[in-house]
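See structure below.
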Amino acid sequence: MASAFEYAPAPESRAVVDIKPSYGLFIDGEFTDAADGQVFKTVSPSTEEVLSEVARAGAEDVDRAVAAARKAFEKWSALPGAERAKYLFRIARLVQERSRELAVLETLDNGKPIKETRDVDLPLVAAHFFYYAGWADKLDHAGYGANPRPLGVAGQVIPWNFPLLMLAWKIAPALATGNTVVLKPAETTPLSALFFADICRQAGLPKGVVNILPGYGDVGAALVGHEGIDKVAFTGSTAVGKEIARTVAGTRKKLTLELGGKGANIVFDDAPIDQAVEGIVSGIFFNQGQVCCAGSRLLVQESIQDELLDALKRRLTTLRLGDPLDKNTDIGAINSAEQLARITALADTGEAEGAERWSPACELPSAGYWFAPTLFTNVTQAHTVARDEIFGPVLSVLSFRTPDEAVAKANNSQYGLSAGIWTEKGSRMLAVANKLRAGVVWANTFNKFDPTSPFGGYKESGFGREGGRHGLEAYLDV
Amino acid sequence: MSESSRLSVLKTYKLYVGGKFPRSESGRVYEVTDHKGTWLANVPLSSRKDARDAVVAARKAFGGWSGATAYNRGQVLYRVAEMLEGRRNQFAHEVAHAEGLSKSAAAAQVEAAVDRWVWYAGWTDKIGQVVGGGNPVAGPFFNLSTPEPTGVVAIVAPQESSFLGLVSVIAPVIATGNTAVVIASERSPLPALALGEVLATSDLPGGVVNVLSGKAAELGAPLAAHQDVNALDLTGAGPELAKELEIAAADNLKRVLRPGPADADFTADPGTHRLTAFLETKTVWHPTGSLGASGTAY
């Protein structure tokens with residue numbers, strides 16, 4: 001991308017991570033081939049280089065993994081909480097020790113910038129295990145009654161946008177509460193979960209407590225539909241979330257869903273413009289916008305629209321897009337060819353429907369999957385780019401005149417995951433936060449996460465919370 | 001004139017929707033009998049249209065009710081208990097007929113129902129502190145989680161416990177600021193329809209509770225599929241109907257409370273699970289500023 005300053009390349013070394021040419025499924029403490037011998041390749045989205053060949057789980061493998069988890073459940077759930085806690089503390093420490101290796105691995109497999117995996121993903125992964133470790137022997141005091149019981153075997157399906165962090169959000173609370181798990185990572189990002197299997201080995205975690213089944217949607221469906229599981233946790237698209245809700249209807253399975261979003265980032269006329277611009281940028285360009293809680297709709301008060309958009313565009317010209325392993329990179333690669341096609345199609349729809357498209361001058365690498373930061377102005381609420389989740393670096397700009405109009409427009413969505421408010425006036429911030437139908441509201445900040453802070457949606461963004469005391473409920477029989 | 005020769009005035013049982021007492025728009029009624037098969041009343045056989053009208057009323061009431069102070073909601077729920085206390089005999093009579101209970105057993109059910117309103121009246125301004133609170137995030141942020149009502153909740157009321165069960169499912173839903181569309185016990189709807197008369201005189205804004213009588217399956221289907229209903233309480237649905245409704249509810253990801261073993265005995269300690277079933281958690285972040293090396297940053 002044309003940049004204000006020339007920077008010399010500053011690539012993080014790949015030598016810190018040793019990716020093997022092939023990986024198996026992780027079942028009952030052992031790496032194993034898929035029953036039908038199937039494999040798939042995982043590529044680096046920034047170069048399309050094949051990183052490894054991974055066993056592809058099928059329905060038979062789900063049977064094996066669930067059986068292993070069921071067998072392990074008896075002893076694991078009977079362990080004193082303090083002992084489970086110590087395993088999780090070990091895992092937290094091992095993640096910290098290996099965080100550089102895992103950050104590089106995640107950047108290679110996912111395509112996101114190293115500064116994000118190094119400074120956001122990995123620290124949060126370790127913190128999440130450390131946080132839930134401490135709950136394992138304190139469940140009596142969590143507000144769910146005395147001696148709350150685990151559910152049993154949890155089937156967990158996670159997305160590709162924060163592979164290891166989503167794994168942590170799923171596995172840490174499940175294990176702390178005494179459940180065992182079968183987890184399916186996304187087909188485009190299986191590697192960090194398989195490295196996590198090695199961390200389980202180093203931690204001495206009993207066999208079968210954590211089982212990992214790389215594969216596609218078919219094995220995810222087989223897992224959530226399996227008779228032998230007691231709990232389903234899914235993070236991903238709203239369409240798949242609804243399908244899962246239908247699958248578990250009428251069963252004993254407890255369900256939590258963390259799904260799509262179309263977050264409104266509301267900027268009032270008294271907001272500090274420079275700070276708001278930084279918040280808008282992190283809101284929609286963090287992780288290439290492949291974030292369920294992205295601030296993908298900018299709602300700006302009419303009186304400052306021109307000033308704000310000028311400042312925003314100026315800022316976007318300074319973003320550096322390119323090699324995700326370069327420590328100066330702001331925008332990495334899109335995760336897959338499929339996702340790139342989806343973003344491209346939606347952006348084209350935006351243009352076709354009459355919204356005005358703008359991107360900074362930006363040279364895209366010739367190999368890999370890339371999409372330039374994109375703004376749409378002249379957007380109405382009826383436009384596809386204002387309604388559908390794009391899951392890419394595409395921001396739709398709408399305007400408003402009054403706080404009531406801002407709230408009405410923000411809430412005019414099937415989703416309700418996140419929202420942002422930028423204003424210097426405390427009473428306005430609190431009043432608007434109160435009226436927004438969204439699970440997470442960031443005021444004068446955006447995209448902040450913490451293991452103690454419950455995260456999850458309203459409406460079709462899903463139900464249940466991950467993080468904090470609230471996150472325990474999803475894994476307890478309460 | 002002697003007591004026995006006086007011809008009593010029968011009540012026309014009607015629906016309770018939007019604070020009013022309409023008949024079913026369909027003009028249909030069905031016959032309700034006591035446990036021995038003696039005729040008690042003809043009650044409205046509500047239609048899908050009645051169900052949709054009730055959702056409109058519940059949605060309209062949601063803003064005001066969820067925006068009312070918790071103290072105010074608590075007083076309204078307590079007022080319901082006060083109104084009911086004075087009509088214990090009437091309800092005991094209705095419950096005895098509906099459930100085939102002895103006079104004293106029916107009276108005990110009604111008294112427990114009055115007490116249940118009192119229990120939930122006290123919860124309105126406490127649940128927020130019990131399930132919400134500040135989160136100690138690792139950074140200079142104020143971070144607060146607060147429970148908020150889910151929205152419009154459709155309830156399939158218990159089929160057997162026509163009054164205590166009914167109150168036990170309605171009160172927690174509205175205590176937290178939700179509004180409700182309730183399908184009364186199909187066989188024994190009279191206590192539910194009579195409750196509408198109590199709610200109407202208890203300062204409860206119209207539309208916060210809407211009571212329909214009719215077939216659970218016929219009314220449950222449009223409510224479970226309704227895009228403006230946010231949640232579903234399936235306590236009174238049998239396993240087959242519950243599954244069917246849960247599948248329909250997935251279409252807009254309604255929150256679903258499945259029938260559970262605890263539903264068998266409504267005299268037991270209700271706990272808080274019904275209160276929390278229809279709450280969303282909202283978490284708000286704000287920077288606190290922090291002291292930097294060069295001085296203040298706030």
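Naming scheme: A, B, ... for chains in displayed order of the structure tokens; residues 1 onward per chain; ligands 1 onward as shown.
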Residue list (strand (DSSP E), DSSP) for range 60-265 of chain B, as a VMD selection string:
chain B and resid 133 to 134 141 to 149 152 to 156 179 to 183 209 to 212 231 to 233 255 to 257
May I have the selected residues written with C-alpha atoms, as a PDB file, in the first residue's frame?
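Done, and the output landed in again38.pdb:
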```
ATOM      1  CA  GLY B 133     -21.857  -6.670  38.236  1.00  0.00           C
ATOM      2  CA  GLY B 134     -18.496  -5.174  37.526  1.00  0.00           C
ATOM      3  CA  PHE B 141     -11.570   0.135  31.714  1.00  0.00           C
ATOM      4  CA  PHE B 142     -14.807   0.442  33.583  1.00  0.00           C
ATOM      5  CA  ASN B 143     -16.639  -2.764  32.654  1.00  0.00           C
ATOM      6  CA  LEU B 144     -20.154  -3.572  33.789  1.00  0.00           C
ATOM      7  CA  SER B 145     -22.499  -6.431  32.980  1.00  0.00           C
ATOM      8  CA  THR B 146     -26.216  -5.864  33.414  1.00  0.00           C
ATOM      9  CA  PRO B 147     -29.146  -8.194  32.777  1.00  0.00           C
ATOM     10  CA  GLU B 148     -31.840  -6.926  30.432  1.00  0.00           C
ATOM     11  CA  PRO B 149     -35.167  -8.488  29.481  1.00  0.00           C
ATOM     12  CA  VAL B 152     -41.702 -10.748  24.103  1.00  0.00           C
ATOM     13  CA  VAL B 153     -41.975 -14.206  25.651  1.00  0.00           C
ATOM     14  CA  ALA B 154     -44.564 -16.732  24.489  1.00  0.00           C
ATOM     15  CA  ILE B 155     -45.515 -19.137  27.265  1.00  0.00           C
ATOM     16  CA  VAL B 156     -47.218 -22.504  27.060  1.00  0.00           C
ATOM     17  CA  THR B 179     -43.871  -8.959  28.249  1.00  0.00           C
ATOM     18  CA  ALA B 180     -45.803 -12.184  27.803  1.00  0.00           C
ATOM     19  CA  VAL B 181     -48.287 -14.004  25.619  1.00  0.00           C
ATOM     20  CA  VAL B 182     -49.629 -16.925  27.609  1.00  0.00           C
ATOM     21  CA  ILE B 183     -51.471 -19.961  26.316  1.00  0.00           C
ATOM     22  CA  VAL B 209     -49.528 -10.036  30.036  1.00  0.00           C
ATOM     23  CA  ASN B 210     -51.841 -11.369  27.363  1.00  0.00           C
ATOM     24  CA  VAL B 211     -53.866 -14.502  28.041  1.00  0.00           C
ATOM     25  CA  LEU B 212     -55.192 -16.785  25.333  1.00  0.00           C
ATOM     26  CA  ALA B 231     -38.425 -16.308  23.555  1.00  0.00           C
ATOM     27  CA  LEU B 232     -40.469 -19.389  24.254  1.00  0.00           C
ATOM     28  CA  ASP B 233     -41.355 -21.035  27.553  1.00  0.00           C
ATOM     29  CA  ARG B 255     -34.470 -18.316  23.645  1.00  0.00           C
ATOM     30  CA  VAL B 256     -36.176 -21.556  24.615  1.00  0.00           C
ATOM     31  CA  LEU B 257     -36.946 -22.842  28.085  1.00  0.00           C
TER      32      LEU B 257
END
```
Residues flagged alpha helix (DSSP H) by DSSP in range 338-476 of chain A, as a PyMOL selection string
chain A and resi 338-352+384-387+403-411+426-435
With a cut-off of 9 Å and counting only C-alpha atoms, select all residues of chain B in contact with chain A and give the selection as a PyMOL selection string.
chain B and resi 130-132+134-139+143-145+150+230+239-240+242-255+258+273+280-287
Could those selected residues go to a file with N, CA and C atoms, as a short mmCIF file (atom, residue, chain, number, x, y, z; two decimals), in the first residue's frame?
```cif
data_model
loop_
_atom_site.label_atom_id
_atom_site.label_comp_id
_atom_site.auth_asym_id
_atom_site.auth_seq_id
_atom_site.Cartn_x
_atom_site.Cartn_y
_atom_site.Cartn_z
N VAL B 130 -27.62 -9.60 41.56
CA VAL B 130 -27.22 -11.00 41.74
C VAL B 130 -26.56 -11.57 40.49
N VAL B 131 -27.09 -11.25 39.32
CA VAL B 131 -26.52 -11.83 38.11
C VAL B 131 -25.68 -10.85 37.28
N GLY B 132 -25.65 -9.59 37.67
CA GLY B 132 -24.80 -8.63 36.96
C GLY B 132 -23.67 -8.18 37.86
N GLY B 134 -19.70 -5.68 38.16
CA GLY B 134 -18.50 -5.17 37.53
C GLY B 134 -17.53 -6.31 37.24
N ASN B 135 -16.79 -6.19 36.14
CA ASN B 135 -15.84 -7.22 35.76
C ASN B 135 -14.42 -6.67 35.85
N PRO B 136 -13.54 -7.36 36.58
CA PRO B 136 -12.19 -6.84 36.80
C PRO B 136 -11.28 -7.10 35.61
N VAL B 137 -11.49 -6.38 34.54
CA VAL B 137 -10.69 -6.61 33.33
C VAL B 137 -9.26 -6.12 33.53
N ALA B 138 -8.34 -6.72 32.77
CA ALA B 138 -6.92 -6.41 32.92
C ALA B 138 -6.57 -5.19 32.07
N GLY B 139 -7.08 -4.04 32.45
CA GLY B 139 -6.79 -2.84 31.69
C GLY B 139 -7.56 -1.68 32.28
N ASN B 143 -16.01 -1.68 33.40
CA ASN B 143 -16.64 -2.76 32.65
C ASN B 143 -17.76 -3.34 33.49
N LEU B 144 -18.98 -3.21 33.00
CA LEU B 144 -20.15 -3.57 33.79
C LEU B 144 -21.10 -4.46 33.00
N SER B 145 -21.50 -5.56 33.61
CA SER B 145 -22.50 -6.43 32.98
C SER B 145 -23.84 -6.27 33.68
N THR B 150 -35.34 -10.09 27.68
CA THR B 150 -35.19 -10.57 26.31
C THR B 150 -36.18 -9.92 25.37
N ASN B 230 -39.46 -13.14 21.00
CA ASN B 230 -38.04 -13.32 21.30
C ASN B 230 -37.72 -14.59 22.07
N PRO B 239 -43.71 -33.50 25.20
CA PRO B 239 -42.43 -33.67 24.50
C PRO B 239 -42.53 -33.47 22.98
N GLU B 240 -43.57 -33.99 22.37
CA GLU B 240 -43.68 -33.88 20.92
C GLU B 240 -43.89 -32.45 20.48
N ALA B 242 -43.26 -29.81 22.25
CA ALA B 242 -42.09 -29.01 22.64
C ALA B 242 -41.02 -29.09 21.57
N LYS B 243 -40.80 -30.27 21.04
CA LYS B 243 -39.76 -30.43 20.01
C LYS B 243 -40.13 -29.66 18.74
N GLU B 244 -41.38 -29.81 18.35
CA GLU B 244 -41.86 -29.12 17.15
C GLU B 244 -41.72 -27.60 17.30
N LEU B 245 -42.10 -27.09 18.46
CA LEU B 245 -42.03 -25.65 18.68
C LEU B 245 -40.58 -25.18 18.78
N GLU B 246 -39.73 -25.99 19.38
CA GLU B 246 -38.32 -25.60 19.50
C GLU B 246 -37.68 -25.51 18.11
N ILE B 247 -38.07 -26.41 17.23
CA ILE B 247 -37.54 -26.35 15.86
C ILE B 247 -38.01 -25.07 15.17
N ALA B 248 -39.28 -24.75 15.33
CA ALA B 248 -39.80 -23.52 14.70
C ALA B 248 -39.12 -22.28 15.29
N ALA B 249 -38.83 -22.36 16.58
CA ALA B 249 -38.24 -21.20 17.27
C ALA B 249 -36.83 -20.90 16.78
N ALA B 250 -36.18 -21.90 16.20
CA ALA B 250 -34.80 -21.71 15.74
C ALA B 250 -34.71 -20.70 14.60
N ASP B 251 -35.84 -20.48 13.94
CA ASP B 251 -35.81 -19.64 12.76
C ASP B 251 -35.34 -18.21 13.05
N ASN B 252 -35.68 -17.67 14.22
CA ASN B 252 -35.09 -16.38 14.59
C ASN B 252 -34.36 -16.49 15.95
N LEU B 253 -33.95 -17.71 16.24
CA LEU B 253 -33.14 -17.99 17.43
C LEU B 253 -33.76 -17.47 18.72
N LYS B 254 -35.04 -17.84 18.89
CA LYS B 254 -35.68 -17.53 20.17
C LYS B 254 -34.96 -18.26 21.29
N ARG B 255 -34.95 -17.64 22.45
CA ARG B 255 -34.47 -18.32 23.65
C ARG B 255 -35.56 -19.30 24.05
N ARG B 258 -36.96 -25.26 27.96
CA ARG B 258 -37.60 -26.56 27.73
C ARG B 258 -38.35 -27.00 28.99
N HIS B 273 -34.05 -19.90 38.22
CA HIS B 273 -33.79 -20.26 36.82
C HIS B 273 -34.82 -19.69 35.86
N GLU B 280 -30.99 -11.18 28.97
CA GLU B 280 -29.77 -11.06 28.17
C GLU B 280 -28.76 -10.33 29.05
N THR B 281 -27.49 -10.61 28.84
CA THR B 281 -26.47 -9.88 29.56
C THR B 281 -25.83 -8.85 28.63
N LYS B 282 -25.91 -7.61 29.05
CA LYS B 282 -25.23 -6.55 28.28
C LYS B 282 -23.98 -6.12 29.05
N THR B 283 -22.87 -6.05 28.34
CA THR B 283 -21.62 -5.63 28.96
C THR B 283 -21.14 -4.33 28.33
N VAL B 284 -20.95 -3.32 29.14
CA VAL B 284 -20.53 -2.01 28.65
C VAL B 284 -19.11 -1.71 29.12
N TRP B 285 -18.29 -1.32 28.17
CA TRP B 285 -16.90 -0.94 28.46
C TRP B 285 -16.76 0.57 28.31
N HIS B 286 -15.92 1.16 29.17
CA HIS B 286 -15.52 2.55 28.96
C HIS B 286 -14.13 2.75 29.55
N PRO B 287 -13.27 3.46 28.83
CA PRO B 287 -11.94 3.70 29.38
C PRO B 287 -12.05 4.49 30.68
#
```
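Of the listed residues (A:Ser399, A:Thr180, A:Asn328, A:Asn378), A:Ser399 comes nearest to Ile304 in chain A; the distances count only C-alpha atoms.
Between CA of His141 in chain A and CA of Ser77 in chain A the interatomic distance comes to 17.6 Å.
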Looking at A:Lys184, A:Lys86, A:His128, A:Arg149, which one is nearest to Phe26 in chain A, with distances taken over only C-alpha atoms?
A:Lys184
I need the residue nearest Ala237 in chain B from this list: B:Glu99, B:Glu186, B:Asp203, B:Glu197. Use only C-alpha atoms for the distance.
B:Glu186
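The space separating CA of Arg201 in chain A from CA of Ala133 in chain A comes to 17.3 Å.
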Within 12 Å of Leu309 in chain A, counting only C-alpha atoms, which residues show up once you throw out same-chain ones fewer than 5 positions away? Write them as a PyMOL selection string, please.
chain A and resi 267+273-274+276-277+280-281+298-304+314-316+358+375-377+395-399
Would you export the selected residues with N, CA and C atoms as a PDB file, in the first residue's frame, please?
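Final output, saved to out.pdb:
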```pdb
ATOM      1  N   VAL A 267     -20.974   7.608  16.149  1.00  0.00           N
ATOM      2  CA  VAL A 267     -20.099   8.733  16.485  1.00  0.00           C
ATOM      3  C   VAL A 267     -20.925  10.009  16.589  1.00  0.00           C
ATOM      4  N   ILE A 273     -12.457  13.421  17.535  1.00  0.00           N
ATOM      5  CA  ILE A 273     -12.431  12.837  16.194  1.00  0.00           C
ATOM      6  C   ILE A 273     -11.255  11.863  16.013  1.00  0.00           C
ATOM      7  N   ASP A 274     -10.081  12.263  16.459  1.00  0.00           N
ATOM      8  CA  ASP A 274      -8.920  11.399  16.218  1.00  0.00           C
ATOM      9  C   ASP A 274      -9.064  10.054  16.918  1.00  0.00           C
ATOM     10  N   ALA A 276     -11.916   8.696  17.774  1.00  0.00           N
ATOM     11  CA  ALA A 276     -12.999   7.970  17.111  1.00  0.00           C
ATOM     12  C   ALA A 276     -12.490   7.298  15.839  1.00  0.00           C
ATOM     13  N   VAL A 277     -11.652   7.994  15.096  1.00  0.00           N
ATOM     14  CA  VAL A 277     -11.110   7.406  13.862  1.00  0.00           C
ATOM     15  C   VAL A 277     -10.317   6.145  14.191  1.00  0.00           C
ATOM     16  N   ILE A 280     -12.806   3.475  14.940  1.00  0.00           N
ATOM     17  CA  ILE A 280     -13.493   2.978  13.731  1.00  0.00           C
ATOM     18  C   ILE A 280     -12.572   2.013  12.985  1.00  0.00           C
ATOM     19  N   VAL A 281     -11.297   2.405  12.894  1.00  0.00           N
ATOM     20  CA  VAL A 281     -10.331   1.567  12.170  1.00  0.00           C
ATOM     21  C   VAL A 281     -10.167   0.224  12.866  1.00  0.00           C
ATOM     22  N   LEU A 298     -20.855   2.237  10.335  1.00  0.00           N
ATOM     23  CA  LEU A 298     -20.500   3.489  10.987  1.00  0.00           C
ATOM     24  C   LEU A 298     -21.717   4.411  10.927  1.00  0.00           C
ATOM     25  N   LEU A 299     -22.210   4.814  12.098  1.00  0.00           N
ATOM     26  CA  LEU A 299     -23.309   5.779  12.148  1.00  0.00           C
ATOM     27  C   LEU A 299     -22.722   7.091  12.645  1.00  0.00           C
ATOM     28  N   VAL A 300     -22.678   8.075  11.773  1.00  0.00           N
ATOM     29  CA  VAL A 300     -22.031   9.329  12.137  1.00  0.00           C
ATOM     30  C   VAL A 300     -23.059  10.459  12.132  1.00  0.00           C
ATOM     31  N   GLN A 301     -22.956  11.317  13.150  1.00  0.00           N
ATOM     32  CA  GLN A 301     -23.895  12.443  13.215  1.00  0.00           C
ATOM     33  C   GLN A 301     -23.632  13.370  12.028  1.00  0.00           C
ATOM     34  N   GLU A 302     -24.721  13.800  11.402  1.00  0.00           N
ATOM     35  CA  GLU A 302     -24.633  14.487  10.114  1.00  0.00           C
ATOM     36  C   GLU A 302     -23.695  15.689  10.141  1.00  0.00           C
ATOM     37  N   SER A 303     -23.708  16.421  11.249  1.00  0.00           N
ATOM     38  CA  SER A 303     -22.949  17.679  11.306  1.00  0.00           C
ATOM     39  C   SER A 303     -21.438  17.470  11.232  1.00  0.00           C
ATOM     40  N   ILE A 304     -20.968  16.271  11.548  1.00  0.00           N
ATOM     41  CA  ILE A 304     -19.520  16.044  11.489  1.00  0.00           C
ATOM     42  C   ILE A 304     -19.135  15.003  10.438  1.00  0.00           C
ATOM     43  N   ARG A 314      -7.982   9.718   5.385  1.00  0.00           N
ATOM     44  CA  ARG A 314      -6.563  10.028   5.557  1.00  0.00           C
ATOM     45  C   ARG A 314      -5.873   8.909   6.326  1.00  0.00           C
ATOM     46  N   ARG A 315      -6.534   8.458   7.369  1.00  0.00           N
ATOM     47  CA  ARG A 315      -5.957   7.400   8.205  1.00  0.00           C
ATOM     48  C   ARG A 315      -5.815   6.092   7.430  1.00  0.00           C
ATOM     49  N   LEU A 316      -6.806   5.805   6.601  1.00  0.00           N
ATOM     50  CA  LEU A 316      -6.766   4.528   5.878  1.00  0.00           C
ATOM     51  C   LEU A 316      -5.614   4.483   4.885  1.00  0.00           C
ATOM     52  N   TRP A 358     -15.162   3.336  -1.922  1.00  0.00           N
ATOM     53  CA  TRP A 358     -13.862   4.011  -1.862  1.00  0.00           C
ATOM     54  C   TRP A 358     -12.843   3.099  -1.172  1.00  0.00           C
ATOM     55  N   LEU A 375     -14.549   1.471   1.990  1.00  0.00           N
ATOM     56  CA  LEU A 375     -15.632   2.251   2.603  1.00  0.00           C
ATOM     57  C   LEU A 375     -16.784   2.346   1.623  1.00  0.00           C
ATOM     58  N   PHE A 376     -17.996   2.274   2.148  1.00  0.00           N
ATOM     59  CA  PHE A 376     -19.170   2.606   1.349  1.00  0.00           C
ATOM     60  C   PHE A 376     -19.860   3.804   1.960  1.00  0.00           C
ATOM     61  N   THR A 377     -20.073   4.848   1.159  1.00  0.00           N
ATOM     62  CA  THR A 377     -20.875   5.978   1.614  1.00  0.00           C
ATOM     63  C   THR A 377     -22.160   6.008   0.791  1.00  0.00           C
ATOM     64  N   LEU A 395     -16.564  -1.254   5.362  1.00  0.00           N
ATOM     65  CA  LEU A 395     -17.319  -0.429   6.298  1.00  0.00           C
ATOM     66  C   LEU A 395     -18.412   0.327   5.558  1.00  0.00           C
ATOM     67  N   SER A 396     -19.633   0.250   6.069  1.00  0.00           N
ATOM     68  CA  SER A 396     -20.747   0.998   5.490  1.00  0.00           C
ATOM     69  C   SER A 396     -21.031   2.216   6.357  1.00  0.00           C
ATOM     70  N   VAL A 397     -21.103   3.377   5.730  1.00  0.00           N
ATOM     71  CA  VAL A 397     -21.282   4.622   6.479  1.00  0.00           C
ATOM     72  C   VAL A 397     -22.707   5.133   6.296  1.00  0.00           C
ATOM     73  N   LEU A 398     -23.385   5.338   7.430  1.00  0.00           N
ATOM     74  CA  LEU A 398     -24.717   5.934   7.429  1.00  0.00           C
ATOM     75  C   LEU A 398     -24.673   7.147   8.349  1.00  0.00           C
ATOM     76  N   SER A 399     -25.626   8.040   8.195  1.00  0.00           N
ATOM     77  CA  SER A 399     -25.625   9.216   9.066  1.00  0.00           C
ATOM     78  C   SER A 399     -26.926   9.288   9.854  1.00  0.00           C
TER      79      SER A 399
END
```
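CA of Arg116 in chain B is positioned 20.0 Å from CA of Trp65 in chain B.
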